[in-house]
>>> print(open('query-v5.cif').read())   # mmCIF, C-alpha atoms and all ligand atoms
data_coords
loop_
_atom_site.label_atom_id
_atom_site.label_comp_id
_atom_site.auth_asym_id
_atom_site.auth_seq_id
_atom_site.Cartn_x
_atom_site.Cartn_y
_atom_site.Cartn_z
CA MET A 338 -78.41 24.79 -22.35
CA THR A 339 -78.43 22.43 -19.34
CA ILE A 340 -75.43 20.21 -18.70
CA LYS A 341 -76.08 16.53 -19.42
CA PHE A 342 -74.81 14.29 -16.61
CA TYR A 343 -74.17 10.64 -17.50
CA GLY A 344 -73.93 8.52 -14.40
CA HIS A 345 -75.72 6.84 -11.54
CA PRO A 346 -76.61 8.24 -8.11
CA PHE A 347 -75.02 5.28 -6.24
CA SER A 348 -71.64 5.76 -7.95
CA SER A 349 -68.98 7.24 -5.69
CA TYR A 350 -67.33 9.22 -8.51
CA CYS A 351 -70.71 10.59 -9.59
CA MET A 352 -71.37 11.70 -6.00
CA LYS A 353 -67.99 13.43 -6.03
CA ALA A 354 -68.86 15.46 -9.14
CA LEU A 355 -72.47 16.08 -8.05
CA ILE A 356 -71.25 17.76 -4.85
CA ALA A 357 -69.70 20.46 -7.04
CA PHE A 358 -73.00 20.94 -8.95
CA TYR A 359 -74.99 21.16 -5.72
CA GLU A 360 -72.54 23.48 -3.93
CA ASN A 361 -73.22 26.14 -6.55
CA ASP A 362 -76.76 25.17 -7.59
CA ILE A 363 -75.67 24.36 -11.15
CA PRO A 364 -78.58 22.78 -13.04
CA LEU A 365 -78.03 19.39 -14.67
CA GLU A 366 -80.02 16.96 -16.74
CA TRP A 367 -79.60 13.35 -15.65
CA ARG A 368 -78.68 10.73 -18.24
CA MET A 369 -79.13 7.78 -15.94
CA LEU A 370 -76.93 4.79 -16.77
CA SER A 371 -79.00 1.75 -15.85
CA PRO A 372 -80.63 -1.18 -17.65
CA GLU A 373 -83.95 0.76 -17.69
CA HIS A 374 -82.35 3.46 -19.88
CA PRO A 375 -80.54 1.63 -22.71
CA ASP A 376 -80.48 4.78 -24.88
CA ASN A 377 -78.35 6.58 -22.31
CA GLY A 378 -75.96 3.62 -22.24
CA ALA A 379 -75.64 3.72 -26.03
CA GLU A 380 -74.97 7.49 -25.98
CA MET A 381 -72.39 6.99 -23.25
CA ALA A 382 -70.63 4.23 -25.21
CA ALA A 383 -70.35 6.57 -28.20
CA LEU A 384 -69.11 9.44 -26.03
CA TRP A 385 -66.49 7.55 -24.03
CA PRO A 386 -65.49 4.02 -25.00
CA ILE A 387 -63.71 3.51 -21.66
CA GLY A 388 -67.20 3.63 -20.17
CA LYS A 389 -66.27 5.09 -16.79
CA PHE A 390 -68.70 7.61 -15.38
CA PRO A 391 -69.44 10.39 -14.66
CA THR A 392 -69.12 12.15 -17.99
CA ILE A 393 -70.75 15.48 -18.73
CA VAL A 394 -71.69 17.24 -21.93
CA ASP A 395 -72.08 21.00 -21.81
CA GLY A 396 -72.93 22.26 -25.28
CA ASP A 397 -69.88 21.40 -27.40
CA THR A 398 -67.75 20.45 -24.41
CA GLN A 399 -67.44 16.93 -23.07
CA VAL A 400 -65.58 16.31 -19.82
CA MET A 401 -64.62 12.93 -18.37
CA GLU A 402 -63.17 12.23 -14.88
CA ALA A 403 -64.80 13.58 -11.73
CA THR A 404 -61.86 15.82 -10.83
CA SER A 405 -61.80 17.37 -14.30
CA ILE A 406 -65.54 17.91 -14.18
CA ILE A 407 -65.14 19.85 -10.92
CA GLU A 408 -62.26 21.86 -12.41
CA TYR A 409 -64.37 22.58 -15.50
CA LEU A 410 -67.39 23.74 -13.49
CA ALA A 411 -65.15 26.11 -11.50
CA ILE A 412 -64.12 27.79 -14.76
CA ALA A 413 -67.25 27.53 -16.93
CA HIS A 414 -69.94 27.86 -14.21
CA PRO A 415 -68.35 29.68 -11.28
CA GLY A 416 -70.50 30.31 -8.23
CA PRO A 417 -70.16 31.58 -4.68
CA VAL A 418 -68.38 28.41 -3.49
CA ASN A 419 -64.90 28.30 -4.96
CA LEU A 420 -63.76 24.68 -4.88
CA ILE A 421 -60.33 25.41 -6.40
CA PRO A 422 -58.40 28.04 -4.46
CA GLY A 423 -57.22 31.01 -6.48
CA ASP A 424 -53.94 30.91 -4.58
CA LEU A 425 -51.77 28.53 -6.64
CA ARG A 426 -49.85 27.11 -3.69
CA ALA A 427 -53.08 26.35 -1.84
CA ALA A 428 -54.45 24.80 -5.04
CA VAL A 429 -51.49 22.39 -5.21
CA LYS A 430 -52.36 21.04 -1.76
CA VAL A 431 -56.04 20.75 -2.70
CA ARG A 432 -55.18 18.81 -5.87
CA MET A 433 -52.72 16.63 -3.95
CA MET A 434 -55.37 15.72 -1.39
CA ASP A 435 -57.84 15.03 -4.21
CA ARG A 436 -55.37 12.52 -5.68
CA ILE A 437 -54.75 10.99 -2.23
CA PHE A 438 -58.47 10.39 -1.64
CA ASP A 439 -58.97 8.93 -5.13
CA ASN A 440 -55.86 6.77 -5.21
CA TYR A 441 -55.52 5.58 -1.62
CA VAL A 442 -59.11 5.57 -0.33
CA MET A 443 -61.49 5.25 -3.31
CA THR A 444 -59.29 2.81 -5.28
CA PRO A 445 -58.65 0.26 -2.49
CA GLN A 446 -62.29 0.59 -1.37
CA GLY A 447 -63.41 -0.20 -4.92
CA LYS A 448 -61.03 -3.16 -5.09
CA CYS A 449 -62.78 -4.76 -2.08
CA VAL A 450 -66.27 -4.10 -3.44
CA PHE A 451 -65.62 -5.20 -7.03
CA ASP A 452 -63.88 -8.34 -5.83
CA ALA A 453 -67.06 -9.28 -3.96
CA ILE A 454 -69.12 -9.27 -7.17
CA ARG A 455 -66.72 -11.54 -9.05
CA PRO A 456 -67.49 -15.24 -9.31
CA PRO A 457 -65.73 -16.97 -6.37
CA GLU A 458 -63.18 -18.65 -8.67
CA ASN A 459 -62.03 -15.26 -10.00
CA ARG A 460 -61.58 -13.52 -6.66
CA ASP A 461 -58.26 -12.02 -5.64
CA PRO A 462 -57.77 -12.45 -1.87
CA HIS A 463 -54.18 -11.12 -1.96
CA GLY A 464 -55.29 -8.00 -3.79
CA VAL A 465 -58.12 -7.47 -1.31
CA ALA A 466 -55.76 -7.96 1.66
CA ASP A 467 -53.38 -5.38 0.14
CA ALA A 468 -56.28 -2.98 -0.43
CA LYS A 469 -57.38 -3.31 3.22
CA LYS A 470 -53.81 -2.72 4.36
CA MET A 471 -53.71 0.44 2.24
CA LEU A 472 -56.98 1.64 3.78
CA GLU A 473 -55.58 1.06 7.29
CA THR A 474 -52.41 3.00 6.41
CA ILE A 475 -54.27 5.93 4.91
CA TYR A 476 -56.79 6.06 7.79
CA ALA A 477 -53.89 6.46 10.24
CA TRP A 478 -52.25 9.13 8.06
CA LEU A 479 -55.49 11.05 7.51
CA ASP A 480 -56.35 10.96 11.21
CA LYS A 481 -53.18 12.98 11.88
CA GLU A 482 -53.41 15.09 8.71
CA MET A 483 -56.98 16.23 9.45
CA ALA A 484 -56.20 17.56 12.94
CA GLY A 485 -56.85 21.23 13.61
CA HIS A 486 -58.90 22.23 10.58
CA GLU A 487 -62.46 21.79 9.43
CA TRP A 488 -62.01 20.59 5.86
CA ALA A 489 -59.39 18.57 3.98
CA VAL A 490 -57.22 21.61 3.31
CA GLY A 491 -57.75 24.36 5.87
CA ASN A 492 -61.16 25.75 6.66
CA GLU A 493 -62.64 26.14 3.18
CA PHE A 494 -64.60 23.35 1.49
CA THR A 495 -62.79 22.40 -1.73
CA LEU A 496 -62.31 19.84 -4.48
CA ALA A 497 -60.42 17.72 -1.93
CA ASP A 498 -63.58 17.45 0.20
CA CYS A 499 -65.61 16.47 -2.88
CA ALA A 500 -63.19 13.53 -3.25
CA ALA A 501 -63.07 12.78 0.48
CA ALA A 502 -66.83 12.62 1.03
CA PRO A 503 -67.86 9.59 -1.07
CA SER A 504 -64.52 7.82 -0.61
CA LEU A 505 -64.66 7.92 3.21
CA PHE A 506 -68.42 7.25 3.11
CA TYR A 507 -68.02 3.96 1.26
CA ALA A 508 -64.60 3.05 2.71
CA ASP A 509 -66.07 3.06 6.21
CA TRP A 510 -68.82 0.69 5.03
CA THR A 511 -66.23 -1.54 3.38
CA HIS A 512 -63.45 -1.63 5.97
CA PRO A 513 -64.57 0.41 8.99
CA ILE A 514 -62.42 3.27 10.23
CA PRO A 515 -61.14 2.14 13.67
CA GLU A 516 -62.80 3.98 16.59
CA LYS A 517 -59.43 5.31 17.78
CA PHE A 518 -59.24 7.57 14.70
CA THR A 519 -61.60 10.12 16.23
CA THR A 520 -60.37 13.05 14.12
CA LEU A 521 -61.02 11.18 10.87
CA ILE A 522 -64.40 9.91 12.08
CA ALA A 523 -65.39 13.46 13.05
CA TYR A 524 -64.36 14.70 9.59
CA ARG A 525 -66.48 12.00 7.92
CA LYS A 526 -69.44 13.17 10.06
CA ARG A 527 -68.88 16.79 9.01
CA LEU A 528 -68.89 15.68 5.37
CA LEU A 529 -72.17 13.81 5.89
CA ALA A 530 -73.69 16.98 7.38
CA ARG A 531 -72.66 19.16 4.42
CA PRO A 532 -75.94 19.78 2.49
CA SER A 533 -74.43 19.13 -0.96
CA PHE A 534 -73.08 15.72 0.08
CA ALA A 535 -76.15 14.90 2.20
CA ARG A 536 -78.22 15.41 -0.95
CA THR A 537 -76.13 12.90 -2.92
CA VAL A 538 -76.38 10.40 -0.05
CA ASP A 539 -80.18 10.77 -0.05
CA GLU A 540 -80.39 10.40 -3.82
CA ALA A 541 -78.32 7.21 -3.57
CA ARG A 542 -80.32 5.79 -0.62
CA PRO A 543 -82.81 3.74 -2.70
CA TYR A 544 -79.89 1.77 -4.21
CA ARG A 545 -78.32 0.64 -0.91
CA PRO A 546 -79.66 -2.91 -1.24
CA PHE A 547 -77.28 -3.25 -4.22
CA PHE A 548 -74.14 -2.60 -2.15
CA PRO A 549 -72.29 -5.89 -2.68
CA LEU A 550 -70.91 -6.13 0.87
CA GLY A 551 -74.25 -5.23 2.46
CA ALA A 552 -74.92 -1.60 3.45
CA PRO A 553 -74.88 -0.92 7.19
CA ASP A 554 -78.03 0.51 8.78
CA ARG A 555 -76.63 4.01 9.36
CA ASP A 556 -75.55 7.22 7.59
N1 LIG A 601 -61.14 7.95 -12.77
C1 LIG A 601 -62.58 8.02 -12.94
C2 LIG A 601 -63.20 6.81 -12.27
C3 LIG A 601 -64.66 6.68 -12.55
C4 LIG A 601 -65.20 5.32 -12.14
O1 LIG A 601 -64.48 4.36 -11.83
N2 LIG A 601 -66.52 5.23 -12.18
C5 LIG A 601 -67.18 3.98 -11.89
C6 LIG A 601 -68.47 4.26 -11.13
S1 LIG A 601 -68.13 4.89 -9.52
C7 LIG A 601 -67.56 3.30 -13.18
O2 LIG A 601 -67.62 3.94 -14.20
N3 LIG A 601 -67.80 2.00 -13.14
C8 LIG A 601 -68.27 1.29 -14.30
C9 LIG A 601 -67.16 0.58 -15.03
O3 LIG A 601 -66.05 0.51 -14.53
O4 LIG A 601 -67.48 0.04 -16.10
C10 LIG A 601 -63.10 9.34 -12.35
O5 LIG A 601 -62.40 9.93 -11.52
O6 LIG A 601 -64.18 9.80 -12.73
#
>>> encode(input="query-v5.cif", output="structure tokens")
Amino acid sequence: MTIKFYGHPFSSYCMKALIAFYENDIPLEWRMLSPEHPDNGAEMAALWPIGKFPTIVDGDTQVMEATSIIEYLAIAHPGPVNLIPGDLRAAVKVRMMDRIFDNYVMTPQGKCVFDAIRPPENRDPHGVADAKKMLETIYAWLDKEMAGHEWAVGNEFTLADCAAAPSLFYADWTHPIPEKFTTLIAYRKRLLARPSFARTVDEARPYRPFFPLGAPDRD
């Protein structure tokens, strides 16, 4: 039975989970969440009232949260690319970096984007300024942290890179990574060249006109 994937190709958290599917060629059946597919929206509302996507359904198993989906795939559909290291100490670092990319890159990036789609009277300039400050702080930290290895944790592509790819992709569109952070910029380029992530970027390409801050003409 094919795994049902509820989400949208332009969603950063969907891209994160899709990387794990594509790394190991795990088949999936799209349940696109968009106004053209109201039935999928109704199914999703019944499955997960919080409404955040992606969510997957694999037979009797439902999994919410992109990180948990990647953890689930590693156990239920293992393949040649092991995104969660078997070594428990290494796995702690991978999970820590996953949290860092979600909490301190993806979250402040999202704050800036979602603020832009609010009506002007409901905007939160202080919150957006704080979010940009957080992005600047984490860019500086990551530029040092990423020195001397290919991927987020060592030289194997892991869960942490699944989180890093869409978060740095959209964060750089939202609040550009300063040119002086050459190590971080080079890492973002390596992520863009990884076939699994490149595929998600291509699948999301038709939706770029919907990026609320205006998508740059690159990547
Ligand atoms: N913590 C969730 C976050 C998922 C999330 O925020 N997804 C966004 C799309 S990228 C979403 O569902 N937005 C619609 C909404 O908030 O109603 C995860 O890691 O999967």
>>> closest_atom_pairs(input="query-v5.cif", of="chain A", to="ligand LIG 601 (chain A)", cutoff="9 Å", atoms="all atoms listed in the file", output="tab-separated table")
residue	atom	partner	partner_atom	distance
A:Gly344	CA	A:LIG601	C6	7.7
A:His345	CA	A:LIG601	C6	7.7
A:Phe347	CA	A:LIG601	S1	7.6
A:Ser348	CA	A:LIG601	S1	3.9
A:Ser349	CA	A:LIG601	S1	4.6
A:Tyr350	CA	A:LIG601	S1	4.5
A:Cys351	CA	A:LIG601	S1	6.3
A:Met352	CA	A:LIG601	S1	8.3
A:Lys353	CA	A:LIG601	O6	8.5
A:Ala354	CA	A:LIG601	O6	8.2
A:Ile387	CA	A:LIG601	O4	7.6
A:Gly388	CA	A:LIG601	O4	5.4
A:Lys389	CA	A:LIG601	O2	3.1
A:Phe390	CA	A:LIG601	O2	4.0
A:Pro391	CA	A:LIG601	O6	5.6
A:Thr392	CA	A:LIG601	O6	7.6
A:Met401	CA	A:LIG601	O6	6.5
A:Glu402	CA	A:LIG601	O6	3.4
A:Ala403	CA	A:LIG601	O6	4.0
A:Thr404	CA	A:LIG601	O5	6.0
A:Ser405	CA	A:LIG601	O5	8.0
A:Ile406	CA	A:LIG601	O6	8.4
A:Asp439	CA	A:LIG601	O5	7.3
A:Thr444	CA	A:LIG601	O1	8.5
A:Gly447	CA	A:LIG601	S1	8.3
>>> atom_distance(input="query-v5.cif", atom1="atom CA of A:Gly416", atom2="atom CA of A:Ala428")
17.3 Å
>>> atom_distance(input="query-v5.cif", atom1="atom CA of A:Leu420", atom2="atom CA of A:Tyr507")
22.0 Å
>>> closest_residue(input="query-v5.cif", among="A:Asn440, A:Val431, A:Leu365, A:Glu373", to="A:Ala489", atoms="all atoms listed in the file")
A:Val431
>>> residues_around(input="query-v5.cif", residues="A:Gly551", least_positions_apart="4", cutoff="12 Å", atoms="only C-alpha atoms", output="JSON, numbers by chain")
{"A": [450, 453, 454, 507, 510, 511, 512, 544, 545, 546, 547, 555]}
>>> atom_distance(input="query-v5.cif", atom1="atom CA of A:Arg436", atom2="atom CA of A:Ala497")
8.2 Å
>>> residues_around(input="query-v5.cif", residues="A:Phe534", least_positions_apart="5", cutoff="9 Å", atoms="all atoms listed in the file", output="number ranges by chain")
A: 352-353, 355-356, 359-360, 499, 502-503, 528-529, 539
>>> write_last_selection(input="query-v5.cif", atoms="C-alpha atoms", output="PDB file, in the frame of the given file")
ATOM      1  CA  MET A 352     -71.370  11.700  -6.000  1.00  0.00           C
ATOM      2  CA  LYS A 353     -67.990  13.430  -6.030  1.00  0.00           C
ATOM      3  CA  LEU A 355     -72.470  16.080  -8.050  1.00  0.00           C
ATOM      4  CA  ILE A 356     -71.250  17.760  -4.850  1.00  0.00           C
ATOM      5  CA  TYR A 359     -74.990  21.160  -5.720  1.00  0.00           C
ATOM      6  CA  GLU A 360     -72.540  23.480  -3.930  1.00  0.00           C
ATOM      7  CA  CYS A 499     -65.610  16.470  -2.880  1.00  0.00           C
ATOM      8  CA  ALA A 502     -66.830  12.620   1.030  1.00  0.00           C
ATOM      9  CA  PRO A 503     -67.860   9.590  -1.070  1.00  0.00           C
ATOM     10  CA  LEU A 528     -68.890  15.680   5.370  1.00  0.00           C
ATOM     11  CA  LEU A 529     -72.170  13.810   5.890  1.00  0.00           C
ATOM     12  CA  ASP A 539     -80.180  10.770  -0.050  1.00  0.00           C
TER      13      ASP A 539
END
>>> residues_around(input="query-v5.cif", residues="A:Asn419", least_positions_apart="2", cutoff="9 Å", atoms="all atoms listed in the file", output="PDB file with C-alpha atoms, keeping the file's coordinate frame")
ATOM      1  CA  ASN A 361     -73.220  26.140  -6.550  1.00  0.00           C
ATOM      2  CA  ALA A 411     -65.150  26.110 -11.500  1.00  0.00           C
ATOM      3  CA  PRO A 415     -68.350  29.680 -11.280  1.00  0.00           C
ATOM      4  CA  GLY A 416     -70.500  30.310  -8.230  1.00  0.00           C
ATOM      5  CA  PRO A 417     -70.160  31.580  -4.680  1.00  0.00           C
ATOM      6  CA  ILE A 421     -60.330  25.410  -6.400  1.00  0.00           C
ATOM      7  CA  PRO A 422     -58.400  28.040  -4.460  1.00  0.00           C
ATOM      8  CA  GLY A 423     -57.220  31.010  -6.480  1.00  0.00           C
ATOM      9  CA  GLU A 493     -62.640  26.140   3.180  1.00  0.00           C
ATOM     10  CA  PHE A 494     -64.600  23.350   1.490  1.00  0.00           C
ATOM     11  CA  THR A 495     -62.790  22.400  -1.730  1.00  0.00           C
ATOM     12  CA  LEU A 496     -62.310  19.840  -4.480  1.00  0.00           C
TER      13      LEU A 496
END
>>> residues_around(input="query-v5.cif", residues="A:Pro513", least_positions_apart="3", cutoff="12 Å", atoms="all atoms listed in the file", output="list of chain:residue names")
A:Val442, A:Gln446, A:Lys469, A:Leu472, A:Glu473, A:Tyr476, A:Leu505, A:Phe506, A:Tyr507, A:Ala508, A:Asp509, A:Trp510, A:Glu516, A:Lys517, A:Phe518, A:Leu521, A:Ile522, A:Arg525, A:Ala552, A:Pro553
>>> build_atoms(input="query-v5.cif", residues="stretch 455-467 of chain A", atoms="N, CA and C atoms", output="mmCIF file, in the frame of the given file")
data_model
loop_
_atom_site.group_PDB
_atom_site.id
_atom_site.type_symbol
_atom_site.label_atom_id
_atom_site.label_comp_id
_atom_site.auth_asym_id
_atom_site.auth_seq_id
_atom_site.Cartn_x
_atom_site.Cartn_y
_atom_site.Cartn_z
ATOM 1 N N ARG A 455 -67.277 -10.562 -8.097
ATOM 2 C CA ARG A 455 -66.720 -11.540 -9.050
ATOM 3 C C ARG A 455 -67.200 -12.948 -8.687
ATOM 4 N N PRO A 456 -67.238 -13.848 -9.668
ATOM 5 C CA PRO A 456 -67.490 -15.240 -9.310
ATOM 6 C C PRO A 456 -66.379 -15.716 -8.366
ATOM 7 N N PRO A 457 -66.716 -16.572 -7.390
ATOM 8 C CA PRO A 457 -65.730 -16.970 -6.370
ATOM 9 C C PRO A 457 -64.400 -17.421 -6.964
ATOM 10 N N GLU A 458 -64.427 -18.111 -8.110
ATOM 11 C CA GLU A 458 -63.180 -18.650 -8.670
ATOM 12 C C GLU A 458 -62.278 -17.549 -9.244
ATOM 13 N N ASN A 459 -62.831 -16.364 -9.440
ATOM 14 C CA ASN A 459 -62.030 -15.260 -10.000
ATOM 15 C C ASN A 459 -61.640 -14.220 -8.956
ATOM 16 N N ARG A 460 -61.888 -14.524 -7.698
ATOM 17 C CA ARG A 460 -61.580 -13.520 -6.660
ATOM 18 C C ARG A 460 -60.078 -13.436 -6.438
ATOM 19 N N ASP A 461 -59.679 -12.334 -5.796
ATOM 20 C CA ASP A 461 -58.260 -12.020 -5.640
ATOM 21 C C ASP A 461 -57.992 -11.705 -4.159
ATOM 22 N N PRO A 462 -57.909 -12.724 -3.310
ATOM 23 C CA PRO A 462 -57.770 -12.450 -1.870
ATOM 24 C C PRO A 462 -56.508 -11.673 -1.522
ATOM 25 N N HIS A 463 -55.409 -11.886 -2.258
ATOM 26 C CA HIS A 463 -54.180 -11.120 -1.960
ATOM 27 C C HIS A 463 -54.391 -9.647 -2.269
ATOM 28 N N GLY A 464 -55.022 -9.388 -3.414
ATOM 29 C CA GLY A 464 -55.290 -8.000 -3.790
ATOM 30 C C GLY A 464 -56.201 -7.319 -2.782
ATOM 31 N N VAL A 465 -57.196 -8.057 -2.290
ATOM 32 C CA VAL A 465 -58.120 -7.470 -1.310
ATOM 33 C C VAL A 465 -57.397 -7.222 0.014
ATOM 34 N N ALA A 466 -56.529 -8.152 0.403
ATOM 35 C CA ALA A 466 -55.760 -7.960 1.660
ATOM 36 C C ALA A 466 -54.862 -6.724 1.528
ATOM 37 N N ASP A 467 -54.230 -6.563 0.365
ATOM 38 C CA ASP A 467 -53.380 -5.380 0.140
ATOM 39 C C ASP A 467 -54.221 -4.097 0.186
#
